[in-house]
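What follows is the content of data22.txt, which has compact mmCIF, C-alpha atoms:
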# COMPACT_ATOMS: atom_id res chain seq x y z
CA MET A 774 0.00 0.00 0.00
CA LYS A 775 2.83 2.40 0.87
CA LYS A 776 4.41 1.76 -2.51
CA GLN A 777 1.10 2.40 -4.31
CA ILE A 778 0.68 5.75 -2.54
CA LEU A 779 4.27 6.68 -3.35
CA VAL A 780 3.73 5.80 -7.00
CA ILE A 781 0.63 8.03 -7.16
CA ILE A 782 2.55 10.95 -5.66
CA LEU A 783 5.44 10.44 -8.07
CA LEU A 784 3.03 10.26 -11.00
CA ALA A 785 1.52 13.57 -10.00
CA VAL A 786 4.96 15.17 -9.76
CA LEU A 787 5.96 13.78 -13.16
CA VAL A 788 2.76 14.99 -14.80
CA LEU A 789 3.32 18.50 -13.42
CA SER A 790 6.91 18.39 -14.67
CA CYS A 791 5.74 17.45 -18.16
CA LEU A 792 3.18 20.27 -18.15
CA ALA A 793 5.85 22.72 -17.07
CA LEU A 794 8.11 21.60 -19.89
CA THR A 795 5.30 21.98 -22.42
CA ALA A 796 4.60 25.48 -21.18
CA CYS A 797 8.23 26.49 -21.37
CA GLY A 798 8.92 24.91 -24.75
CA VAL A 799 12.53 23.79 -25.13
CA GLY A 800 14.04 26.79 -23.39
CA ASN A 801 14.72 24.81 -20.25
CA ALA A 802 16.32 21.89 -22.07
CA SER A 803 19.66 20.69 -20.74
CA LYS A 804 22.73 22.12 -22.40
CA GLY A 805 25.78 20.09 -23.38
CA LEU A 806 24.08 16.80 -24.35
CA GLU A 807 25.61 14.93 -27.28
CA TYR A 808 23.62 14.19 -30.44
CA LYS A 809 24.15 12.37 -33.67
CA LEU A 810 22.16 12.60 -36.87
CA SER A 811 20.18 9.55 -38.01
CA THR A 812 21.42 7.72 -41.10
CA ASP A 813 18.59 9.13 -43.19
CA GLY A 814 19.26 12.63 -41.89
CA THR A 815 15.72 13.27 -40.69
CA TYR A 816 16.13 13.30 -36.89
CA TYR A 817 18.63 13.41 -34.05
CA ILE A 818 19.58 10.76 -31.52
CA VAL A 819 20.72 11.63 -27.99
CA SER A 820 24.04 9.77 -27.90
CA GLY A 821 25.60 10.84 -24.61
CA ILE A 822 25.63 13.09 -21.55
CA GLY A 823 28.42 15.17 -23.08
CA THR A 824 29.34 18.18 -20.94
CA CYS A 825 25.93 18.40 -19.30
CA LYS A 826 26.19 18.67 -15.51
CA ASP A 827 22.46 18.78 -14.73
CA THR A 828 21.13 16.38 -12.13
CA ALA A 829 17.62 16.90 -13.54
CA VAL A 830 18.18 16.28 -17.25
CA ILE A 831 15.67 17.63 -19.76
CA ILE A 832 15.83 16.33 -23.35
CA PRO A 833 14.58 18.85 -25.94
CA GLU A 834 12.02 18.02 -28.60
CA ARG A 835 14.20 19.52 -31.32
CA PHE A 836 17.88 20.10 -31.99
CA SER A 837 19.37 22.10 -34.89
CA GLY A 838 15.98 22.35 -36.56
CA LYS A 839 15.21 18.62 -36.50
CA PRO A 840 13.24 16.46 -34.03
CA VAL A 841 15.03 14.52 -31.30
CA ALA A 842 13.44 11.11 -31.83
CA SER A 843 15.67 8.59 -30.08
CA ILE A 844 17.80 7.96 -26.99
CA GLY A 845 20.76 5.92 -28.19
CA ASP A 846 22.32 2.75 -26.80
CA GLY A 847 24.09 3.50 -23.52
CA ALA A 848 23.43 7.24 -23.90
CA PHE A 849 23.25 7.95 -20.16
CA GLN A 850 25.00 4.87 -18.80
CA LYS A 851 26.88 5.38 -15.52
CA CYS A 852 25.49 8.90 -15.06
CA GLY A 853 25.35 8.37 -11.32
CA SER A 854 24.64 12.03 -10.51
CA MET A 855 21.49 12.19 -12.64
CA THR A 856 18.41 12.03 -10.37
CA SER A 857 15.68 12.63 -12.95
CA ILE A 858 15.20 12.87 -16.71
CA THR A 859 12.38 14.38 -18.75
CA ILE A 860 11.64 12.57 -22.00
CA PRO A 861 9.70 14.64 -24.58
CA SER A 862 6.87 13.33 -26.76
CA SER A 863 9.18 13.44 -29.81
CA ILE A 864 11.08 10.36 -28.54
CA THR A 865 9.98 7.08 -30.17
CA SER A 866 12.76 4.73 -29.08
CA ILE A 867 15.08 4.19 -26.13
CA GLY A 868 18.20 2.15 -26.89
CA ARG A 869 19.60 -0.81 -24.95
CA VAL A 870 21.31 -0.09 -21.61
CA ALA A 871 20.45 3.59 -22.12
CA PHE A 872 20.32 4.23 -18.36
CA TYR A 873 22.63 1.44 -17.20
CA LYS A 874 24.07 2.17 -13.72
CA CYS A 875 22.25 5.47 -13.35
CA THR A 876 22.34 4.84 -9.63
CA GLY A 877 20.83 8.22 -8.65
CA LEU A 878 17.75 7.90 -10.87
CA THR A 879 14.67 7.46 -8.67
CA SER A 880 11.80 7.69 -11.14
CA ILE A 881 11.09 8.06 -14.82
CA ALA A 882 8.08 8.84 -17.02
CA ILE A 883 7.79 7.22 -20.45
CA PRO A 884 5.55 9.12 -22.90
CA SER A 885 3.01 7.54 -25.22
CA SER A 886 5.29 8.17 -28.21
CA VAL A 887 7.90 5.59 -27.10
CA THR A 888 7.23 2.36 -28.99
CA SER A 889 10.62 0.65 -28.62
CA ILE A 890 12.66 0.06 -25.45
CA GLY A 891 15.98 -1.78 -25.67
CA GLU A 892 17.30 -4.62 -23.53
CA GLY A 893 18.57 -3.80 -20.06
CA VAL A 894 17.59 -0.15 -20.34
CA PHE A 895 17.33 0.28 -16.55
CA ARG A 896 19.90 -2.30 -15.52
CA ASP A 897 21.54 -1.54 -12.16
CA CYS A 898 19.44 1.58 -11.57
CA THR A 899 19.56 0.70 -7.89
CA SER A 900 17.59 3.74 -6.66
CA LEU A 901 14.76 3.42 -9.19
CA ILE A 902 11.45 3.07 -7.35
CA SER A 903 8.95 4.00 -10.04
CA ILE A 904 8.56 3.66 -13.81
CA ILE A 905 5.44 5.47 -15.08
CA VAL A 906 4.12 4.89 -18.60
CA ASP A 907 1.58 7.15 -20.27
CA VAL A 908 -1.78 5.35 -20.38
CA ASN A 909 -1.99 5.95 -24.13
CA ASN A 910 1.26 4.13 -24.90
CA PRO A 911 0.46 1.33 -27.40
CA ASN A 912 3.31 -1.02 -26.46
CA TYR A 913 4.04 -0.58 -22.75
CA LYS A 914 2.29 -0.11 -19.45
CA SER A 915 3.19 0.29 -15.79
CA ILE A 916 1.65 -1.53 -12.86
CA TYR A 917 2.52 -0.20 -9.41
CA GLY A 918 5.64 1.40 -10.81
CA ASN A 919 6.98 -1.63 -12.72
CA LEU A 920 7.34 -1.87 -16.51
CA TYR A 921 5.40 -4.42 -18.60
CA SER A 922 4.48 -4.99 -22.21
CA GLN A 923 1.04 -3.56 -23.02
CA ASP A 924 -0.55 -7.03 -23.02
CA CYS A 925 1.08 -7.68 -19.62
CA LYS A 926 2.65 -10.90 -20.88
CA THR A 927 6.23 -9.71 -20.41
CA LEU A 928 7.66 -8.26 -17.22
CA ILE A 929 10.33 -5.93 -18.59
CA GLN A 930 11.66 -4.18 -15.50
CA TYR A 931 11.02 -4.32 -11.78
CA ALA A 932 11.78 -1.06 -9.99
CA VAL A 933 14.76 -2.50 -8.13
CA GLY A 934 15.11 0.43 -5.75
CA ALA A 935 11.80 -0.43 -4.07
CA THR A 936 12.04 -1.67 -0.48
CA ASP A 937 9.43 -4.43 -0.69
CA THR A 938 10.68 -7.81 0.54
CA SER A 939 8.31 -9.96 -1.52
CA PHE A 940 6.79 -9.72 -4.95
CA GLU A 941 4.12 -11.69 -6.78
CA ILE A 942 4.45 -11.56 -10.54
CA PRO A 943 1.02 -11.13 -12.21
CA SER A 944 -0.56 -14.35 -13.47
CA SER A 945 -0.75 -12.94 -17.02
CA VAL A 946 3.06 -12.89 -17.37
CA THR A 947 4.60 -15.61 -19.54
CA SER A 948 8.04 -14.06 -20.03
CA ILE A 949 10.51 -12.40 -17.67
CA ALA A 950 12.88 -10.17 -19.61
CA CYS A 951 16.66 -10.00 -19.34
CA TYR A 952 17.84 -8.02 -16.30
CA ALA A 953 14.26 -7.64 -14.98
CA PHE A 954 15.27 -7.94 -11.31
CA ASP A 955 19.04 -7.58 -11.73
CA GLY A 956 20.59 -5.90 -8.69
CA CYS A 957 17.46 -5.91 -6.52
CA THR A 958 18.79 -6.30 -2.98
CA SER A 959 15.56 -5.99 -0.96
CA LEU A 960 13.44 -8.89 -2.23
CA THR A 961 13.66 -12.11 -0.20
CA SER A 962 11.02 -14.02 -2.18
CA ILE A 963 9.53 -13.82 -5.66
CA ASP A 964 6.47 -15.77 -6.74
CA ILE A 965 6.65 -16.75 -10.42
CA PRO A 966 3.33 -17.85 -11.97
CA GLU A 967 3.04 -21.29 -13.53
CA CYS A 968 2.39 -19.83 -17.00
CA VAL A 969 5.94 -18.41 -17.29
CA THR A 970 7.93 -20.24 -19.96
CA SER A 971 10.83 -17.86 -20.56
CA ILE A 972 13.31 -16.26 -18.15
CA GLY A 973 15.95 -13.97 -19.65
CA LYS A 974 19.66 -13.70 -18.88
CA ARG A 975 20.58 -12.12 -15.54
CA ALA A 976 16.87 -11.82 -14.77
CA PHE A 977 17.52 -12.36 -11.05
CA ALA A 978 21.27 -11.79 -10.90
CA GLY A 979 22.53 -9.89 -7.89
CA CYS A 980 19.34 -10.42 -5.87
CA THR A 981 21.49 -10.85 -2.80
CA SER A 982 18.61 -11.17 -0.28
CA LEU A 983 16.61 -13.71 -2.29
CA THR A 984 16.21 -16.88 -0.19
CA SER A 985 13.61 -18.75 -2.23
CA ILE A 986 12.26 -18.85 -5.76
CA ASN A 987 10.43 -21.39 -7.87
CA ILE A 988 11.15 -22.16 -11.51
CA PRO A 989 7.82 -23.32 -12.95
CA GLU A 990 7.32 -26.34 -15.18
CA GLY A 991 7.24 -25.11 -18.75
CA VAL A 992 10.53 -23.20 -18.60
CA THR A 993 12.69 -24.88 -21.24
CA CYS A 994 15.79 -22.70 -21.10
CA ILE A 995 17.52 -21.03 -18.18
CA GLU A 996 19.63 -18.27 -19.69
CA SER A 997 23.17 -17.30 -18.73
CA GLN A 998 23.73 -15.74 -15.28
CA THR A 999 20.02 -15.93 -14.45
CA PHE A 1000 20.62 -16.47 -10.72
CA SER A 1001 24.28 -15.51 -10.42
CA GLU A 1002 25.28 -13.70 -7.21
CA CYS A 1003 22.07 -14.70 -5.40
CA GLU A 1004 24.12 -15.14 -2.24
CA SER A 1005 21.21 -15.99 0.09
CA LEU A 1006 19.59 -18.62 -2.13
CA THR A 1007 19.91 -21.98 -0.34
CA SER A 1008 18.14 -24.47 -2.61
CA ILE A 1009 16.59 -24.66 -6.03
CA THR A 1010 14.81 -27.20 -8.23
CA ILE A 1011 15.34 -27.38 -11.99
CA PRO A 1012 12.03 -28.43 -13.64
CA SER A 1013 11.75 -31.45 -15.90
CA SER A 1014 10.86 -29.15 -18.83
CA THR A 1015 14.34 -27.60 -18.85
CA THR A 1016 16.44 -28.70 -21.80
CA SER A 1017 19.30 -26.19 -21.66
CA MET A 1018 21.13 -23.90 -19.27
CA GLY A 1019 23.44 -21.04 -20.11
CA ASN A 1020 26.84 -20.28 -18.64
CA TYR A 1021 27.30 -18.85 -15.13
CA VAL A 1022 23.67 -19.58 -14.13
CA PHE A 1023 24.37 -20.03 -10.38
CA MET A 1024 27.86 -18.55 -10.19
CA ASN A 1025 28.67 -16.97 -6.82
CA CYS A 1026 25.54 -18.34 -5.15
CA LYS A 1027 27.64 -18.78 -2.04
CA GLY A 1028 24.76 -19.95 0.17
CA LEU A 1029 23.42 -22.56 -2.26
CA VAL A 1030 23.44 -25.93 -0.50
CA SER A 1031 21.21 -28.14 -2.63
CA VAL A 1032 20.28 -28.35 -6.31
CA THR A 1033 17.62 -30.79 -7.46
CA PHE A 1034 16.94 -31.71 -11.06
CA ALA A 1035 13.32 -32.84 -11.38
CA GLU A 1036 12.74 -36.37 -12.64
CA GLY A 1037 12.71 -36.43 -16.42
CA CYS A 1038 14.86 -33.30 -16.78
CA GLN A 1039 16.66 -33.31 -20.16
CA LEU A 1040 19.52 -30.66 -19.48
CA THR A 1041 22.30 -32.13 -21.77
CA SER A 1042 25.30 -30.11 -20.59
CA ILE A 1043 26.50 -28.59 -17.35
CA THR A 1044 27.82 -25.45 -19.00
CA ALA A 1045 30.84 -23.31 -18.18
CA PHE A 1046 30.89 -21.79 -14.68
CA THR A 1047 27.29 -22.94 -13.99
CA PHE A 1048 28.01 -23.63 -10.29
CA ALA A 1049 31.30 -21.74 -9.97
CA HIS A 1050 31.99 -20.43 -6.45
CA CYS A 1051 28.93 -22.17 -4.98
CA GLU A 1052 31.00 -22.69 -1.86
CA SER A 1053 28.24 -24.25 0.27
CA LEU A 1054 26.99 -26.71 -2.34
CA THR A 1055 27.02 -30.22 -0.86
CA ASN A 1056 24.16 -32.00 -2.58
CA ILE A 1057 23.56 -32.27 -6.32
CA THR A 1058 22.48 -35.12 -8.54
CA ILE A 1059 23.06 -34.57 -12.23
CA PRO A 1060 20.45 -36.05 -14.62
CA GLU A 1061 21.49 -38.98 -16.79
CA SER A 1062 20.77 -36.97 -19.95
CA VAL A 1063 23.93 -34.88 -19.42
CA THR A 1064 26.72 -35.64 -21.90
CA SER A 1065 29.34 -33.04 -20.94
CA ILE A 1066 30.63 -31.15 -17.94
CA ASP A 1067 32.13 -27.97 -19.32
CA ASN A 1068 35.00 -25.73 -18.26
CA SER A 1069 34.96 -24.59 -14.62
CA ALA A 1070 31.44 -25.97 -14.09
CA PHE A 1071 32.09 -26.66 -10.37
CA ILE A 1072 35.23 -24.62 -9.78
CA TYR A 1073 35.66 -23.58 -6.11
CA CYS A 1074 32.73 -25.70 -4.89
CA TYR A 1075 34.52 -26.28 -1.60
CA GLY A 1076 31.60 -28.06 0.08
CA LEU A 1077 31.06 -30.70 -2.60
CA GLU A 1078 31.92 -34.09 -1.05
CA ASN A 1079 30.66 -36.76 -3.43
CA PHE A 1080 29.76 -36.50 -7.07
CA THR A 1081 28.45 -39.02 -9.57
CA ILE A 1082 29.23 -38.25 -13.18
CA PRO A 1083 26.31 -39.44 -15.35
CA PRO A 1084 27.06 -42.43 -17.63
CA LYS A 1085 26.56 -40.53 -20.92
CA VAL A 1086 29.21 -37.89 -20.19
CA THR A 1087 31.99 -37.95 -22.78
CA SER A 1088 34.11 -34.98 -21.68
CA ILE A 1089 35.17 -33.25 -18.48
CA GLY A 1090 36.27 -29.69 -19.18
CA GLU A 1091 39.19 -27.62 -17.97
CA ASN A 1092 39.01 -26.68 -14.27
CA ALA A 1093 35.71 -28.56 -14.01
CA PHE A 1094 36.28 -29.49 -10.34
CA TYR A 1095 39.22 -27.22 -9.60
CA ARG A 1096 39.72 -26.75 -5.84
CA CYS A 1097 36.73 -28.87 -4.82
CA SER A 1098 38.79 -29.46 -1.70
CA ASN A 1099 36.19 -31.66 0.08
CA LEU A 1100 35.59 -33.96 -2.87
CA ALA A 1101 36.44 -37.37 -1.44
CA SER A 1102 35.35 -39.66 -4.25
CA ILE A 1103 34.34 -39.51 -7.87
CA THR A 1104 33.64 -42.11 -10.54
CA ILE A 1105 34.54 -41.44 -14.15
CA PRO A 1106 32.15 -43.33 -16.45
CA ASP A 1107 33.20 -45.50 -19.38
CA ASN A 1108 32.09 -43.00 -22.05
CA VAL A 1109 34.51 -40.24 -21.03
CA THR A 1110 37.21 -39.71 -23.64
CA SER A 1111 38.89 -36.55 -22.35
CA ILE A 1112 39.75 -34.99 -19.00
CA GLY A 1113 40.69 -31.33 -19.35
CA ASP A 1114 43.57 -29.30 -17.96
CA PHE A 1115 43.35 -28.78 -14.16
CA ALA A 1116 40.07 -30.75 -14.12
CA PHE A 1117 40.59 -32.08 -10.57
CA ASN A 1118 43.46 -29.82 -9.60
CA SER A 1119 43.74 -29.24 -5.81
CA CYS A 1120 41.01 -31.72 -4.88
CA THR A 1121 42.97 -32.34 -1.71
CA ARG A 1122 40.71 -35.07 -0.22
CA LEU A 1123 40.53 -37.20 -3.35
CA ASN A 1124 42.41 -40.41 -2.52
CA SER A 1125 41.94 -42.67 -5.54
CA ILE A 1126 40.70 -42.57 -9.07
CA VAL A 1127 40.11 -45.04 -11.88
CA ILE A 1128 40.81 -44.01 -15.47
CA PRO A 1129 38.50 -46.02 -17.77
CA ARG A 1130 39.58 -47.54 -21.07
CA SER A 1131 37.62 -44.91 -23.02
CA VAL A 1132 39.87 -42.02 -21.91
CA THR A 1133 42.35 -40.98 -24.60
CA SER A 1134 43.62 -37.68 -23.15
CA ILE A 1135 44.33 -36.27 -19.71
CA GLY A 1136 45.07 -32.54 -19.52
CA TYR A 1137 47.90 -30.60 -17.93
CA ARG A 1138 47.92 -30.85 -14.12
CA ALA A 1139 44.56 -32.61 -14.18
CA PHE A 1140 45.22 -34.13 -10.73
CA TYR A 1141 48.00 -31.83 -9.56
CA GLY A 1142 47.76 -30.76 -5.91
CA CYS A 1143 45.63 -33.78 -4.96
CA GLY A 1144 47.66 -34.36 -1.81
CA SER A 1145 45.64 -37.38 -0.62
CA LEU A 1146 45.69 -39.15 -3.97
CA THR A 1147 47.58 -42.39 -3.44
CA SER A 1148 46.23 -44.49 -6.30
CA VAL A 1149 45.48 -43.85 -9.95
CA THR A 1150 44.33 -47.02 -11.68
CA PHE A 1151 44.28 -47.29 -15.45
CA GLU A 1152 41.88 -49.97 -16.68
CA ASP A 1153 44.15 -50.24 -19.71
CA PRO A 1154 47.63 -48.82 -18.98
CA ASN A 1155 49.08 -49.82 -22.35
CA GLY A 1156 50.27 -46.83 -24.34
CA TRP A 1157 50.10 -44.36 -21.43
CA TYR A 1158 53.15 -42.31 -20.53
CA VAL A 1159 54.11 -39.78 -17.87
CA THR A 1160 56.37 -36.85 -18.73
CA GLU A 1161 57.58 -33.75 -16.96
CA THR A 1162 57.62 -31.61 -20.09
CA GLU A 1163 54.61 -30.28 -21.93
CA GLY A 1164 54.44 -31.51 -25.49
CA ALA A 1165 57.17 -34.12 -24.99
CA THR A 1166 57.16 -36.99 -27.47
CA SER A 1167 58.58 -39.50 -25.02
CA GLY A 1168 58.23 -40.19 -21.32
CA ILE A 1169 58.03 -42.87 -18.67
CA SER A 1170 55.83 -45.75 -19.75
CA ILE A 1171 53.20 -46.52 -17.12
CA SER A 1172 53.01 -50.12 -18.26
CA LEU A 1173 56.78 -50.75 -17.99
CA THR A 1174 58.25 -48.56 -15.27
CA SER A 1175 58.89 -49.82 -11.76
CA SER A 1176 58.96 -46.27 -10.42
CA TYR A 1177 55.22 -46.42 -9.88
CA LYS A 1178 55.16 -49.84 -8.15
CA ASN A 1179 53.19 -51.70 -10.81
CA ALA A 1180 51.82 -51.34 -14.29
CA SER A 1181 48.16 -50.56 -13.50
CA ASN A 1182 48.45 -48.64 -10.26
CA LEU A 1183 50.23 -45.28 -10.57
CA LYS A 1184 51.30 -44.07 -7.13
CA ALA A 1185 50.83 -40.32 -7.37
CA GLY A 1186 52.43 -39.82 -3.97
CA ALA A 1187 55.72 -41.15 -5.27
CA HIS A 1188 55.43 -38.74 -8.16
CA TYR A 1189 55.17 -35.76 -5.81
CA GLU A 1190 58.01 -37.07 -3.66
CA ARG A 1191 60.23 -36.80 -6.70
CA GLY A 1192 59.52 -33.05 -6.61
CA TYR A 1193 57.87 -32.64 -10.00
CA ALA A 1194 56.27 -29.19 -10.23
CA SER A 1195 53.95 -30.41 -12.97
CA TYR A 1196 53.36 -33.50 -15.01
CA TYR A 1197 51.53 -34.72 -18.06
CA TRP A 1198 49.86 -38.00 -18.78
CA TYR A 1199 49.45 -38.76 -22.44
CA LYS A 1200 48.57 -41.69 -24.61
CA ALA A 1201 50.81 -42.49 -27.55
CA ASN A 1202 49.18 -42.61 -30.97

Please render this file's structure as structure tokens.
Amino acid sequence: MKKQILVIILLAVLVLSCLALTACGVGNASKGLEYKLSTDGTYYIVSGIGTCKDTAVIIPERFSGKPVASIGDGAFQKCGSMTSITIPSSITSIGRVAFYKCTGLTSIAIPSSVTSIGEGVFRDCTSLISIIVDVNNPNYKSIYGNLYSQDCKTLIQYAVGATDTSFEIPSSVTSIACYAFDGCTSLTSIDIPECVTSIGKRAFAGCTSLTSINIPEGVTCIESQTFSECESLTSITIPSSTTSMGNYVFMNCKGLVSVTFAEGCQLTSITAFTFAHCESLTNITIPESVTSIDNSAFIYCYGLENFTIPPKVTSIGENAFYRCSNLASITIPDNVTSIGDFAFNSCTRLNSIVIPRSVTSIGYRAFYGCGSLTSVTFEDPNGWYVTETEGATSGISISLTSSYKNASNLKAGAHYERGYASYYWYKAN
């Protein structure tokens, strides 16, 4: 209720401001703004803040005899001192990230003339508490200070400066746009309706107070960085409808303890940095549909103790489990052909590992720093060599040397005792 009253007051102030501008013409327009002429030469685009020092910026309707019809991409980005901006009725489009990191901006009025708004236009506007859209705008509307498409099917931007701790997305919404809640630090819970099928990149990134959120069935793709830096999020369930996840989805979710993939989930790859720096993650079961674990997928997951690699996985990327220092056991399935550089580097509790016959390459320092690793068993040691030098064409044959006790059981401890700073395991062609 408090927010609704505040929105009404702000609307009144904005309306009066617009009336004042109309009465004064363009005489009060801000000086020093940068403009560029459109490619067809018929109108001007506001391209930057230029030398303007105004905290209350007023865009003119005309410049050098031609209409000002557009606010360009990134035009006012990082203008932290700007507290308000007046957009004239000549403006028809606002470019992507036009107001990115305008941290002093508290409210904005969008006239009916604006028919195009770019991606992430209000990203990281951390003081923004109200977005007001003219009721006659054909493409957009505002509900309690938040920006939606006119049909209310897409939530474009939540006013992230609001102090509410919970938010219920309207039941009409089917799509949550990129950056919609990015940087909102007050919300602890968000209720997503079951009809939502699309969630854009970084939609909830940086929601540091968010403790719970549901991903409804029907969402097929979770875009990159969607929940990154949600430090208070403790658990999450990936619905069975999900078929793909972008990079960095849960990166830096330091409080995330448990991740559940719903039965029937067909995510085929754990992509790069998906769970990077999820330091509290202890419980995760990867669906059997997964065929690859990409670079740095679980890097710095200190709390991860046991992990089962699904049987269809064929590759383990670089740094995939780097510094998973509590990882005590792991099984590499028979379909894996490659283990990337540093894949298990500094997994200090890992004490034994079996290399299946399918593996044809093991990357640089893949198991380096695994201080508890006493046994590396090759199911088929023939053709495998150990060398101290990267790219060497010859080395110590695992199947013949006595330095490692026996042909099939490579004693990594002995290797470290010999003081090697790094080593390479390779299979001869």

Report the centre and edge lengths, in Å to one decimal, of an axis-aligned box enclosing every atom of segment 1047-1059 of chain A listed in the file, padded by 5 Å on each side, as AutoDock Vina command-line options.
--center_x 27.2 --center_y -27.8 --center_z -6.9 --size_x 19.5 --size_y 24.7 --size_z 24.3

Using atom CA of Ile1112 of chain A and atom CA of Ile1128 of chain A as the two end points, give the distance in Å to one decimal.
-> 9.7 Å

Between A:Asn910, A:Thr947, A:Ser939, A:Ser1134, which has the minimum distance to Lys926 of chain A (counting only C-alpha atoms)?
-> A:Thr947

Considering only C-alpha atoms, return as a ChimeraX atom specification whatever protein or nucleic-acid residues lie within 10 Å of segment 993-996 of chain A, sequence-local ones (same chain, fewer than 2 positions apart) excluded.
-> /A:951,970-976,988-991,998-1000,1011-1022,1038-1040

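With distances taken over all atoms listed in the file, A:Thr961 is the one residue among A:Asn909, A:Ser1001, A:Thr927, A:Thr961 lying closest to Phe940 of chain A.
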
In the coordinates of the file, take the point (0.9, -7.4, -27.9) and a cut-off of 10 Å; then, counting all atoms listed in the file, name each qualifying protein, DNA or RNA residue as a PDB file with C-alpha atoms, in the coordinates of the input.
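Just written: selection.pdb:
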ATOM      1  CA  PRO A 911       0.460   1.330 -27.400  1.00  0.00           C
ATOM      2  CA  ASN A 912       3.310  -1.020 -26.460  1.00  0.00           C
ATOM      3  CA  TYR A 913       4.040  -0.580 -22.750  1.00  0.00           C
ATOM      4  CA  SER A 922       4.480  -4.990 -22.210  1.00  0.00           C
ATOM      5  CA  GLN A 923       1.040  -3.560 -23.020  1.00  0.00           C
ATOM      6  CA  ASP A 924      -0.550  -7.030 -23.020  1.00  0.00           C
ATOM      7  CA  CYS A 925       1.080  -7.680 -19.620  1.00  0.00           C
ATOM      8  CA  LYS A 926       2.650 -10.900 -20.880  1.00  0.00           C
ATOM      9  CA  THR A 927       6.230  -9.710 -20.410  1.00  0.00           C
TER      10      THR A 927
END

Hey, what's within 9 Å of Ile1105 of chain A if we count all atoms listed in the file and toss same-chain stuff fewer than 4 positions away? As number ranges by chain, please?
-> A: 1081-1084, 1086, 1109, 1126-1129

May I have the protein, DNA and RNA residues with an atom at most 7 Å from (38.1, -24.2, -13.8), counting all atoms listed in the file in the file's coordinates, returned as a PyMOL selection string?
-> chain A and resi 1068-1070+1072+1091-1095+1115-1116

Could the residues in this selection be saved with C-alpha atoms as an mmCIF file, in the coordinates of the input?
data_model
loop_
_atom_site.group_PDB
_atom_site.id
_atom_site.type_symbol
_atom_site.label_atom_id
_atom_site.label_comp_id
_atom_site.auth_asym_id
_atom_site.auth_seq_id
_atom_site.Cartn_x
_atom_site.Cartn_y
_atom_site.Cartn_z
ATOM 1 C CA ASN A 1068 35.000 -25.730 -18.260
ATOM 2 C CA SER A 1069 34.960 -24.590 -14.620
ATOM 3 C CA ALA A 1070 31.440 -25.970 -14.090
ATOM 4 C CA ILE A 1072 35.230 -24.620 -9.780
ATOM 5 C CA GLU A 1091 39.190 -27.620 -17.970
ATOM 6 C CA ASN A 1092 39.010 -26.680 -14.270
ATOM 7 C CA ALA A 1093 35.710 -28.560 -14.010
ATOM 8 C CA PHE A 1094 36.280 -29.490 -10.340
ATOM 9 C CA TYR A 1095 39.220 -27.220 -9.600
ATOM 10 C CA PHE A 1115 43.350 -28.780 -14.160
ATOM 11 C CA ALA A 1116 40.070 -30.750 -14.120
#

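From atom CA of Ser885 of chain A back to atom CA of Phe849 of chain A, the distance works out to 20.9 Å.
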
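Residue nearest Ala978 of chain A within the list A:Glu1078, A:Asp955, A:Glu1052, A:Asp1067: A:Asp955 [criterion: smallest interatomic distance, all atoms listed in the file].
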
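Relative to atom CA of Ser820 of chain A, atom CA of Ala932 of chain A is found at 24.3 Å.
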
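Between Ile832 of chain A and the candidates A:Ile818, A:Ile905, A:Ile860, A:Ala1035, the tightest atom-to-atom separation, counting all atoms listed in the file, involves A:Ile860.
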
Val819 of chain A: which residues within 10 Å, counting all atoms listed in the file, same-chain residues fewer than 5 positions away excluded, as a short mmCIF file (atom, residue, chain, number, x, y, z; two decimals) with C-alpha atoms, keeping the file's coordinate frame?
data_model
loop_
_atom_site.label_atom_id
_atom_site.label_comp_id
_atom_site.auth_asym_id
_atom_site.auth_seq_id
_atom_site.Cartn_x
_atom_site.Cartn_y
_atom_site.Cartn_z
CA LEU A 806 24.08 16.80 -24.35
CA GLU A 807 25.61 14.93 -27.28
CA TYR A 808 23.62 14.19 -30.44
CA LYS A 809 24.15 12.37 -33.67
CA LEU A 810 22.16 12.60 -36.87
CA ILE A 832 15.83 16.33 -23.35
CA PRO A 833 14.58 18.85 -25.94
CA PHE A 836 17.88 20.10 -31.99
CA VAL A 841 15.03 14.52 -31.30
CA ALA A 842 13.44 11.11 -31.83
CA SER A 843 15.67 8.59 -30.08
CA ILE A 844 17.80 7.96 -26.99
CA GLY A 845 20.76 5.92 -28.19
CA ASP A 846 22.32 2.75 -26.80
CA GLY A 847 24.09 3.50 -23.52
CA ALA A 848 23.43 7.24 -23.90
CA PHE A 849 23.25 7.95 -20.16
CA ILE A 864 11.08 10.36 -28.54
CA ILE A 867 15.08 4.19 -26.13
CA GLY A 868 18.20 2.15 -26.89
CA ALA A 871 20.45 3.59 -22.12
#

May I ask which of the residues A:Ser900, A:Asn1099, A:Thr1058, A:Ser1088 is the closest one to Tyr1075 of chain A, counting only C-alpha atoms?
-> A:Asn1099

Exercise: Lys804 of chain A partners within 12 Å, only C-alpha atoms, chain neighbours under 6 positions left out, as a short mmCIF file (atom, residue, chain, number, x, y, z; two decimals) with C-alpha atoms, keeping the file's coordinate frame:
data_model
loop_
_atom_site.label_atom_id
_atom_site.label_comp_id
_atom_site.auth_asym_id
_atom_site.auth_seq_id
_atom_site.Cartn_x
_atom_site.Cartn_y
_atom_site.Cartn_z
CA GLY A 821 25.60 10.84 -24.61
CA ILE A 822 25.63 13.09 -21.55
CA GLY A 823 28.42 15.17 -23.08
CA THR A 824 29.34 18.18 -20.94
CA CYS A 825 25.93 18.40 -19.30
CA LYS A 826 26.19 18.67 -15.51
CA ASP A 827 22.46 18.78 -14.73
CA THR A 828 21.13 16.38 -12.13
CA ALA A 829 17.62 16.90 -13.54
CA VAL A 830 18.18 16.28 -17.25
CA ILE A 831 15.67 17.63 -19.76
CA ILE A 832 15.83 16.33 -23.35
CA PRO A 833 14.58 18.85 -25.94
CA PHE A 836 17.88 20.10 -31.99
#
